[in-house]
Protein chains: 2
Amino acid sequence: MTDTDPNSTPERKRGSGVKMVYDLLRDEILDLVLPPGSPIDEVQLAERFKMSRTPIREALVRLAGEGLIDTLPNRSTMVASIDFLNMHTFFDALVLMYRVTTRLAAQYHRAEDLQVIRAHQADFAAAVAAQDALAMIATNAAFHSAIAEAGRNAYFTGLFNRLLDEGRRILRLYYQSYEDRLPQRFVDEHEDIIAVIAARDSEAADRLATIHAEQIVQQIQKLFARGGKLDIAL
Amino acid sequence: MTDTDPNSTPERKRGSGVKMVYDLLRDEILDLVLPPGSPIDEVQLAERFKMSRTPIREALVRLAGEGLIDTLPNRSTMVASIDFLNMHTFFDALVLMYRVTTRLAAQYHRAEDLQVIRAHQADFAAAVAAQDALAMIATNAAFHSAIAEAGRNAYFTGLFNRLLDEGRRILRLYYQSYEDRLPQRFVDEHEDIIAVIAARDSEAADRLATIHAEQIVQQIQKLFARGGKLDIAL
DNA sequence: TGCATATTATTTGTCGACAACAATTATGCA
DNA sequence: TGCATAATTGTTGTCGACAAATAATATGCA
């Protein structure tokens with residue numbers, strides 16, 4: 001019983017390690033468990049996941065490719081900062097992607113897409129009812145991501161999901177203390193959006209998505225104006 | 001003289017290897033030197049660049065993150081195919097990004113941006129005059145990328161540059177034999193676009209970009225209809 | 001011969017170790 | 001003491017080798 005020791009627990013499928021590290025690190029970054037500026041140490045992660053540095057580095061390269069971590073050559077690597085100075089570019093892109101993905105969903109969705117969208121909407125309504133801010137953020141993102149998927153344009157869904165991720169990070173900054181809640185109004189707007197998508201009314205979808213997106217942007221900007229825990233590395 | 005042998009030529013800066021492989025492989029993919037479906041062999045590349053597989057793999061991971069190569073787990077990795085079936089999604093995204101980047105350039109550009117844009121336009125005009133189709137593709141992309149940079153929205157420039165890359169690959173399919181040329185009309189339209197950007201006329205910028213983009217899409221679709229060397233792995 | 005199984009070969013995924021680079025601390029000299 | 005230089009430390013980048021997984025080939029049995 002040397003290397004066939006059943007208790008040596010190297011029982012991890014070949015290639016699953018990278019995905020595991022990637023997924024978990026990504027979640028920790030987006031949930032601000034690892035706030036912007038946090039140092040990422042390869043050997044520390046290697047010990048934590050009980051694997052060599054090679055798969056760790058591959059996961060980090062992928063995260064760097066998505067802009068979630070920044071790498072200083074030959075030096076440290078850390079969680080990417082949030083660019084508060086250019087927040088308006090984020091809002092511009094977010095509103096436009098809300099519009100175009102909703103419009104395309106009205107145009108190209110199939111019957112089964114509506115099932116998925118309605119399921120996510122139910123989750124969102126439940127989160128609002130429970131006044132669970134963190135759940136609202138997650139379920140709202142999932143709802144709109146599902147709409148984007150129904151629009152069937154990989155270029156748009158790619159950018160949109162990236163924006164939703166960044167939005168998740170920004171919102172967590174302010175909602176981690178559960179001190180506020182997104183209004184019931186968003187639930188109603190979601191219902192209206194589902195209706196116009198189902199009716200394949202592209203123009204109405206665009207219009208409602210615009211209003212909805214600008215509501216959300218306004219909501220975020222209000223939080224900014226009120227001020228928050230901005231003691232985070234820029 | 002063991003490892004300090006000056007002729008052992010490991011003279012390559014620590015960390016430059018990945019970038020070198022990434023850049024060169026990326027160019028070869030976009031120029032169709034490596035056509036879609038081409039197998040990518042790690043050890044072959046390692047021998048070619050005289051380095052270990054580790055930096056090669058890092059470059060490949062990054063290329064995979066941008067969708068330029070596809071990786072079958074535990075099996076081969078190859079140059080990503082061009083999705084002809086969903087070409088309309090590419091056109092939709094391209095037109096929209098043409099519009100929004102040009103509009104934002106009219107809004108946010110600085111004086112020095114126009115210098116760069118005009119320089120690229122001169123390159124494009126020269127390529128048209130010389131009837132150099134490949135140079136037209138490259139300079140046209142550089143021209144519009146410069147406009148997007150002037151718009152100063154990293155989310156949009158990111159997607160737009162990705163679309164321009166994909167467009168480079170698509171156009172190379174048809175223009176490699178220099179059998180056609182983009183019309184002089186595009187040069188004139190570029191001049192008009194520069195003018196409205198300089199005048200900070202967002203609406204006109206949007207309008208002209210729309211017309212221009214749809215011209216280009218129509219041009220590409222005409223090439224498709226006429227048929228071409230489509231004996232490429234789907 | 002035809003097919004299932006076993007063997008080999010090829011390629012990818014992972015590992016442990018070493019070297020290079022940068023920051024930090026220690027040392028020496030004025 | 002003050003500062004330039006040298007050792008030290010910690011982290012990243014690269015390497016060569018091994019192990020796992022799949023595909024290709026060979027073997028054996030009916």
# chains A, B, ... in the order shown; residues from 1 in each chain; ligands from 1
>>> residues_around(residues="DT8 of chain C", least_positions_apart="3", cutoff="9 Å", atoms="only C-alpha atoms (C1' of nucleotides)", output="number ranges by chain")
D: 24-26
>>> write_last_selection(atoms="N, CA, C and O atoms (P, O5', C5', C4', C3', O3' and C1' of nucleotides)", output="PDB file, in the first residue's frame")
ATOM      1  P    DA D  24      -7.524   7.955 -33.504  1.00  0.00           P
ATOM      2  O5'  DA D  24      -6.359   6.865 -33.527  1.00  0.00           O
ATOM      3  C5'  DA D  24      -5.014   7.298 -33.381  1.00  0.00           C
ATOM      4  C4'  DA D  24      -4.066   6.106 -33.354  1.00  0.00           C
ATOM      5  C3'  DA D  24      -4.323   5.071 -34.460  1.00  0.00           C
ATOM      6  O3'  DA D  24      -3.079   4.664 -35.016  1.00  0.00           O
ATOM      7  C1'  DA D  24      -4.404   4.021 -32.352  1.00  0.00           C
ATOM      8  P    DT D  25      -3.070   3.664 -36.288  1.00  0.00           P
ATOM      9  O5'  DT D  25      -2.569   2.297 -35.640  1.00  0.00           O
ATOM     10  C5'  DT D  25      -1.392   2.301 -34.824  1.00  0.00           C
ATOM     11  C4'  DT D  25      -1.297   0.994 -34.064  1.00  0.00           C
ATOM     12  C3'  DT D  25      -1.438  -0.263 -34.933  1.00  0.00           C
ATOM     13  O3'  DT D  25      -0.227  -1.007 -34.874  1.00  0.00           O
ATOM     14  C1'  DT D  25      -2.708  -0.433 -32.934  1.00  0.00           C
ATOM     15  P    DA D  26      -0.066  -2.377 -35.747  1.00  0.00           P
ATOM     16  O5'  DA D  26      -0.252  -3.456 -34.599  1.00  0.00           O
ATOM     17  C5'  DA D  26       0.487  -3.317 -33.393  1.00  0.00           C
ATOM     18  C4'  DA D  26       0.005  -4.331 -32.358  1.00  0.00           C
ATOM     19  C3'  DA D  26      -0.052  -5.776 -32.868  1.00  0.00           C
ATOM     20  O3'  DA D  26       0.544  -6.625 -31.904  1.00  0.00           O
ATOM     21  C1'  DA D  26      -2.140  -5.164 -31.963  1.00  0.00           C
TER      22       DA D  26
END
>>> closest_atom_pairs(of="chain D", to="chain A", cutoff="8 Å", atoms="only C-alpha atoms (C1' of nucleotides)", output="Markdown table")
| residue | atom | partner | partner_atom | distance |
| --- | --- | --- | --- | --- |
| D:DT11 | C1' | A:Arg75 | CA | 6.6 |
| D:DT12 | C1' | A:Asn74 | CA | 5.0 |
| D:DG13 | C1' | A:Asn74 | CA | 7.5 |
| D:DA20 | C1' | A:Arg14 | CA | 7.2 |
>>> residues_around(residues="DT25 of chain C", least_positions_apart="6", cutoff="9 Å", atoms="only C-alpha atoms (C1' of nucleotides)", output="list of chain:residue names")
D:DA7, D:DT8, D:DT9
>>> atom_distance(atom1="atom CA of Ala125 of chain B", atom2="atom CA of Val217 of chain B")
19.6 Å
>>> interface_residues(of="chain A", to="chain B", cutoff="8 Å", atoms="only C-alpha atoms", output="MDAnalysis selection string")
chainID A and resid 15 58 61:62 65 73 89:90 93 152:156 159
>>> select_by_dssp(residues="chain B", states="alpha helix (DSSP H)", output="PyMOL selection string")
chain B and resi 16-30+42-49+53-65+87-108+111-129+133-151+154-175+184-198+202-226
>>> closest_atom_pairs(of="chain C", to="chain B", cutoff="8 Å", atoms="only C-alpha atoms (C1' of nucleotides)", output="Markdown table")
| residue | atom | partner | partner_atom | distance |
| --- | --- | --- | --- | --- |
| C:DT11 | C1' | B:Arg75 | CA | 6.7 |
| C:DT12 | C1' | B:Asn74 | CA | 5.0 |
| C:DG13 | C1' | B:Asn74 | CA | 7.6 |
| C:DA20 | C1' | B:Arg14 | CA | 7.3 |
>>> write_last_selection(atoms="all heavy atoms", output="PDB file, in the first residue's frame")
ATOM      1  P    DT C  11       1.505  13.671 -30.608  1.00  0.00           P
ATOM      2  OP1  DT C  11       1.161  14.150 -31.954  1.00  0.00           O
ATOM      3  OP2  DT C  11       2.915  13.663 -30.138  1.00  0.00           O
ATOM      4  O5'  DT C  11       0.633  14.484 -29.560  1.00  0.00           O
ATOM      5  C5'  DT C  11      -0.784  14.272 -29.497  1.00  0.00           C
ATOM      6  C4'  DT C  11      -1.297  14.653 -28.133  1.00  0.00           C
ATOM      7  O4'  DT C  11      -1.007  13.600 -27.184  1.00  0.00           O
ATOM      8  C3'  DT C  11      -0.669  15.925 -27.556  1.00  0.00           C
ATOM      9  O3'  DT C  11      -1.672  16.889 -27.291  1.00  0.00           O
ATOM     10  C2'  DT C  11       0.036  15.462 -26.293  1.00  0.00           C
ATOM     11  C1'  DT C  11      -0.748  14.198 -25.941  1.00  0.00           C
ATOM     12  N1   DT C  11       0.023  13.243 -25.106  1.00  0.00           N
ATOM     13  C2   DT C  11      -0.586  12.702 -24.001  1.00  0.00           C
ATOM     14  O2   DT C  11      -1.726  12.956 -23.672  1.00  0.00           O
ATOM     15  N3   DT C  11       0.201  11.840 -23.281  1.00  0.00           N
ATOM     16  C4   DT C  11       1.502  11.470 -23.560  1.00  0.00           C
ATOM     17  O4   DT C  11       2.105  10.689 -22.840  1.00  0.00           O
ATOM     18  C5   DT C  11       2.081  12.081 -24.721  1.00  0.00           C
ATOM     19  C7   DT C  11       3.494  11.763 -25.109  1.00  0.00           C
ATOM     20  C6   DT C  11       1.325  12.923 -25.439  1.00  0.00           C
ATOM     21  P    DT C  12      -1.307  18.320 -26.652  1.00  0.00           P
ATOM     22  OP1  DT C  12      -1.950  19.333 -27.489  1.00  0.00           O
ATOM     23  OP2  DT C  12       0.146  18.360 -26.417  1.00  0.00           O
ATOM     24  O5'  DT C  12      -2.041  18.270 -25.248  1.00  0.00           O
ATOM     25  C5'  DT C  12      -3.390  17.816 -25.173  1.00  0.00           C
ATOM     26  C4'  DT C  12      -3.728  17.392 -23.752  1.00  0.00           C
ATOM     27  O4'  DT C  12      -2.810  16.353 -23.325  1.00  0.00           O
ATOM     28  C3'  DT C  12      -3.619  18.501 -22.719  1.00  0.00           C
ATOM     29  O3'  DT C  12      -4.746  18.463 -21.864  1.00  0.00           O
ATOM     30  C2'  DT C  12      -2.320  18.181 -21.971  1.00  0.00           C
ATOM     31  C1'  DT C  12      -2.277  16.672 -22.065  1.00  0.00           C
ATOM     32  N1   DT C  12      -0.909  16.085 -21.976  1.00  0.00           N
ATOM     33  C2   DT C  12      -0.632  15.208 -20.971  1.00  0.00           C
ATOM     34  O2   DT C  12      -1.445  14.875 -20.132  1.00  0.00           O
ATOM     35  N3   DT C  12       0.657  14.710 -20.980  1.00  0.00           N
ATOM     36  C4   DT C  12       1.661  15.005 -21.869  1.00  0.00           C
ATOM     37  O4   DT C  12       2.771  14.494 -21.783  1.00  0.00           O
ATOM     38  C5   DT C  12       1.295  15.942 -22.907  1.00  0.00           C
ATOM     39  C7   DT C  12       2.301  16.335 -23.946  1.00  0.00           C
ATOM     40  C6   DT C  12       0.055  16.430 -22.912  1.00  0.00           C
ATOM     41  P    DG C  13      -5.047  19.668 -20.819  1.00  0.00           P
ATOM     42  OP1  DG C  13      -6.508  19.821 -20.706  1.00  0.00           O
ATOM     43  OP2  DG C  13      -4.200  20.811 -21.211  1.00  0.00           O
ATOM     44  O5'  DG C  13      -4.492  19.086 -19.435  1.00  0.00           O
ATOM     45  C5'  DG C  13      -5.239  18.082 -18.779  1.00  0.00           C
ATOM     46  C4'  DG C  13      -4.588  17.717 -17.456  1.00  0.00           C
ATOM     47  O4'  DG C  13      -3.297  17.115 -17.710  1.00  0.00           O
ATOM     48  C3'  DG C  13      -4.328  18.888 -16.513  1.00  0.00           C
ATOM     49  O3'  DG C  13      -4.699  18.497 -15.194  1.00  0.00           O
ATOM     50  C2'  DG C  13      -2.821  19.137 -16.650  1.00  0.00           C
ATOM     51  C1'  DG C  13      -2.306  17.733 -16.913  1.00  0.00           C
ATOM     52  N9   DG C  13      -1.052  17.666 -17.650  1.00  0.00           N
ATOM     53  C8   DG C  13      -0.745  18.302 -18.826  1.00  0.00           C
ATOM     54  N7   DG C  13       0.472  18.034 -19.258  1.00  0.00           N
ATOM     55  C5   DG C  13       0.989  17.169 -18.301  1.00  0.00           C
ATOM     56  C6   DG C  13       2.255  16.547 -18.223  1.00  0.00           C
ATOM     57  O6   DG C  13       3.207  16.627 -19.009  1.00  0.00           O
ATOM     58  N1   DG C  13       2.360  15.748 -17.089  1.00  0.00           N
ATOM     59  C2   DG C  13       1.382  15.579 -16.148  1.00  0.00           C
ATOM     60  N2   DG C  13       1.666  14.781 -15.128  1.00  0.00           N
ATOM     61  N3   DG C  13       0.186  16.151 -16.209  1.00  0.00           N
ATOM     62  C4   DG C  13       0.059  16.936 -17.304  1.00  0.00           C
ATOM     63  P    DA C  20      19.417  32.389 -13.407  1.00  0.00           P
ATOM     64  OP1  DA C  20      20.047  32.451 -14.738  1.00  0.00           O
ATOM     65  OP2  DA C  20      20.237  32.476 -12.175  1.00  0.00           O
ATOM     66  O5'  DA C  20      18.277  33.502 -13.332  1.00  0.00           O
ATOM     67  C5'  DA C  20      17.217  33.468 -14.281  1.00  0.00           C
ATOM     68  C4'  DA C  20      16.180  34.535 -13.945  1.00  0.00           C
ATOM     69  O4'  DA C  20      15.466  34.161 -12.744  1.00  0.00           O
ATOM     70  C3'  DA C  20      16.757  35.928 -13.674  1.00  0.00           C
ATOM     71  O3'  DA C  20      15.875  36.884 -14.223  1.00  0.00           O
ATOM     72  C2'  DA C  20      16.767  36.005 -12.153  1.00  0.00           C
ATOM     73  C1'  DA C  20      15.524  35.203 -11.804  1.00  0.00           C
ATOM     74  N9   DA C  20      15.544  34.577 -10.476  1.00  0.00           N
ATOM     75  C8   DA C  20      16.567  33.890  -9.897  1.00  0.00           C
ATOM     76  N7   DA C  20      16.289  33.419  -8.704  1.00  0.00           N
ATOM     77  C5   DA C  20      14.987  33.824  -8.486  1.00  0.00           C
ATOM     78  C6   DA C  20      14.113  33.659  -7.401  1.00  0.00           C
ATOM     79  N6   DA C  20      14.432  32.989  -6.292  1.00  0.00           N
ATOM     80  N1   DA C  20      12.882  34.198  -7.493  1.00  0.00           N
ATOM     81  C2   DA C  20      12.555  34.874  -8.609  1.00  0.00           C
ATOM     82  N3   DA C  20      13.298  35.093  -9.694  1.00  0.00           N
ATOM     83  C4   DA C  20      14.510  34.542  -9.566  1.00  0.00           C
TER      84       DA C  20
END
>>> residues_around(residues="segment 27-30 of chain B", least_positions_apart="4", cutoff="9 Å", atoms="only C-alpha atoms (C1' of nucleotides)", output="PyMOL selection string")
chain B and resi 22-23+34-36+68-69+79-80+165-170+172
>>> atom_distance(atom1="atom CA of Gln184 of chain A", atom2="atom CA of Asp113 of chain A")
23.9 Å
>>> decode(residues="segment 104-116 of chain A", atoms="all heavy atoms", output="tab-separated table (two decimals), in the first residue's frame")
chain	number	residue	atom	x	y	z
A	104	LEU	N	-33.42	41.80	-28.39
A	104	LEU	CA	-33.16	40.58	-29.14
A	104	LEU	C	-33.92	39.40	-28.56
A	104	LEU	O	-34.32	38.49	-29.30
A	104	LEU	CB	-31.66	40.28	-29.17
A	104	LEU	CG	-30.83	41.23	-30.03
A	104	LEU	CD1	-29.36	40.87	-29.96
A	104	LEU	CD2	-31.31	41.22	-31.48
A	105	ALA	N	-34.12	39.42	-27.25
A	105	ALA	CA	-34.91	38.34	-26.64
A	105	ALA	C	-36.33	38.37	-27.17
A	105	ALA	O	-36.92	37.32	-27.45
A	105	ALA	CB	-34.90	38.48	-25.12
A	106	ALA	N	-36.89	39.57	-27.31
A	106	ALA	CA	-38.24	39.68	-27.87
A	106	ALA	C	-38.27	39.11	-29.29
A	106	ALA	O	-39.27	38.54	-29.72
A	106	ALA	CB	-38.69	41.13	-27.86
A	107	GLN	N	-37.15	39.28	-29.98
A	107	GLN	CA	-37.12	38.87	-31.38
A	107	GLN	C	-36.86	37.38	-31.57
A	107	GLN	O	-37.48	36.73	-32.41
A	107	GLN	CB	-36.01	39.68	-32.08
A	107	GLN	CG	-36.12	39.70	-33.59
A	107	GLN	CD	-35.17	40.74	-34.19
A	107	GLN	OE1	-34.55	41.51	-33.47
A	107	GLN	NE2	-35.07	40.75	-35.51
A	108	TYR	N	-35.94	36.83	-30.78
A	108	TYR	CA	-35.43	35.49	-31.07
A	108	TYR	C	-35.78	34.43	-30.03
A	108	TYR	O	-35.39	33.27	-30.19
A	108	TYR	CB	-33.92	35.53	-31.25
A	108	TYR	CG	-33.47	36.30	-32.46
A	108	TYR	CD1	-32.70	37.46	-32.34
A	108	TYR	CD2	-33.81	35.86	-33.74
A	108	TYR	CE1	-32.29	38.16	-33.47
A	108	TYR	CE2	-33.41	36.56	-34.86
A	108	TYR	CZ	-32.64	37.71	-34.72
A	108	TYR	OH	-32.23	38.40	-35.83
A	109	HIS	N	-36.48	34.78	-28.96
A	109	HIS	CA	-36.68	33.80	-27.89
A	109	HIS	C	-37.55	32.64	-28.37
A	109	HIS	O	-38.34	32.77	-29.30
A	109	HIS	CB	-37.35	34.47	-26.70
A	109	HIS	CG	-38.82	34.71	-26.89
A	109	HIS	ND1	-39.77	33.77	-26.56
A	109	HIS	CD2	-39.50	35.76	-27.39
A	109	HIS	CE1	-40.97	34.24	-26.85
A	109	HIS	NE2	-40.84	35.45	-27.36
A	110	ARG	N	-37.37	31.50	-27.68
A	110	ARG	CA	-38.21	30.33	-27.94
A	110	ARG	C	-39.07	30.10	-26.70
A	110	ARG	O	-38.82	30.67	-25.63
A	110	ARG	CB	-37.35	29.10	-28.20
A	110	ARG	CG	-36.45	29.26	-29.41
A	110	ARG	CD	-35.50	28.08	-29.52
A	110	ARG	NE	-34.40	28.38	-30.44
A	110	ARG	CZ	-33.23	27.74	-30.43
A	110	ARG	NH1	-33.02	26.78	-29.55
A	110	ARG	NH2	-32.28	28.05	-31.27
A	111	ALA	N	-40.02	29.22	-26.84
A	111	ALA	CA	-40.96	28.99	-25.74
A	111	ALA	C	-40.23	28.57	-24.47
A	111	ALA	O	-40.54	29.07	-23.37
A	111	ALA	CB	-41.97	27.92	-26.14
A	112	GLU	N	-39.25	27.70	-24.61
A	112	GLU	CA	-38.58	27.19	-23.41
A	112	GLU	C	-37.77	28.27	-22.70
A	112	GLU	O	-37.50	28.18	-21.50
A	112	GLU	CB	-37.69	25.99	-23.75
A	112	GLU	CG	-36.59	26.30	-24.75
A	112	GLU	CD	-36.99	25.92	-26.16
A	112	GLU	OE1	-38.19	26.05	-26.48
A	112	GLU	OE2	-36.10	25.50	-26.94
A	113	ASP	N	-37.38	29.30	-23.44
A	113	ASP	CA	-36.63	30.38	-22.79
A	113	ASP	C	-37.49	31.08	-21.75
A	113	ASP	O	-37.00	31.46	-20.68
A	113	ASP	CB	-36.17	31.41	-23.83
A	113	ASP	CG	-35.19	30.81	-24.83
A	113	ASP	OD1	-34.41	29.93	-24.43
A	113	ASP	OD2	-35.22	31.22	-26.00
A	114	LEU	N	-38.77	31.26	-22.07
A	114	LEU	CA	-39.66	31.97	-21.16
A	114	LEU	C	-39.80	31.23	-19.83
A	114	LEU	O	-39.90	31.86	-18.77
A	114	LEU	CB	-41.03	32.16	-21.80
A	114	LEU	CG	-41.06	33.17	-22.96
A	114	LEU	CD1	-42.42	33.21	-23.60
A	114	LEU	CD2	-40.66	34.55	-22.47
A	115	GLN	N	-39.78	29.91	-19.91
A	115	GLN	CA	-39.84	29.12	-18.69
A	115	GLN	C	-38.68	29.48	-17.76
A	115	GLN	O	-38.86	29.75	-16.58
A	115	GLN	CB	-39.73	27.62	-19.04
A	115	GLN	CG	-40.74	27.14	-20.06
A	115	GLN	CD	-41.90	26.42	-19.43
A	115	GLN	OE1	-41.76	25.91	-18.33
A	115	GLN	NE2	-43.04	26.39	-20.10
A	116	VAL	N	-37.49	29.49	-18.34
A	116	VAL	CA	-36.29	29.78	-17.55
A	116	VAL	C	-36.36	31.20	-16.99
A	116	VAL	O	-36.08	31.45	-15.82
A	116	VAL	CB	-35.03	29.60	-18.42
A	116	VAL	CG1	-33.77	29.94	-17.61
A	116	VAL	CG2	-34.95	28.19	-18.97
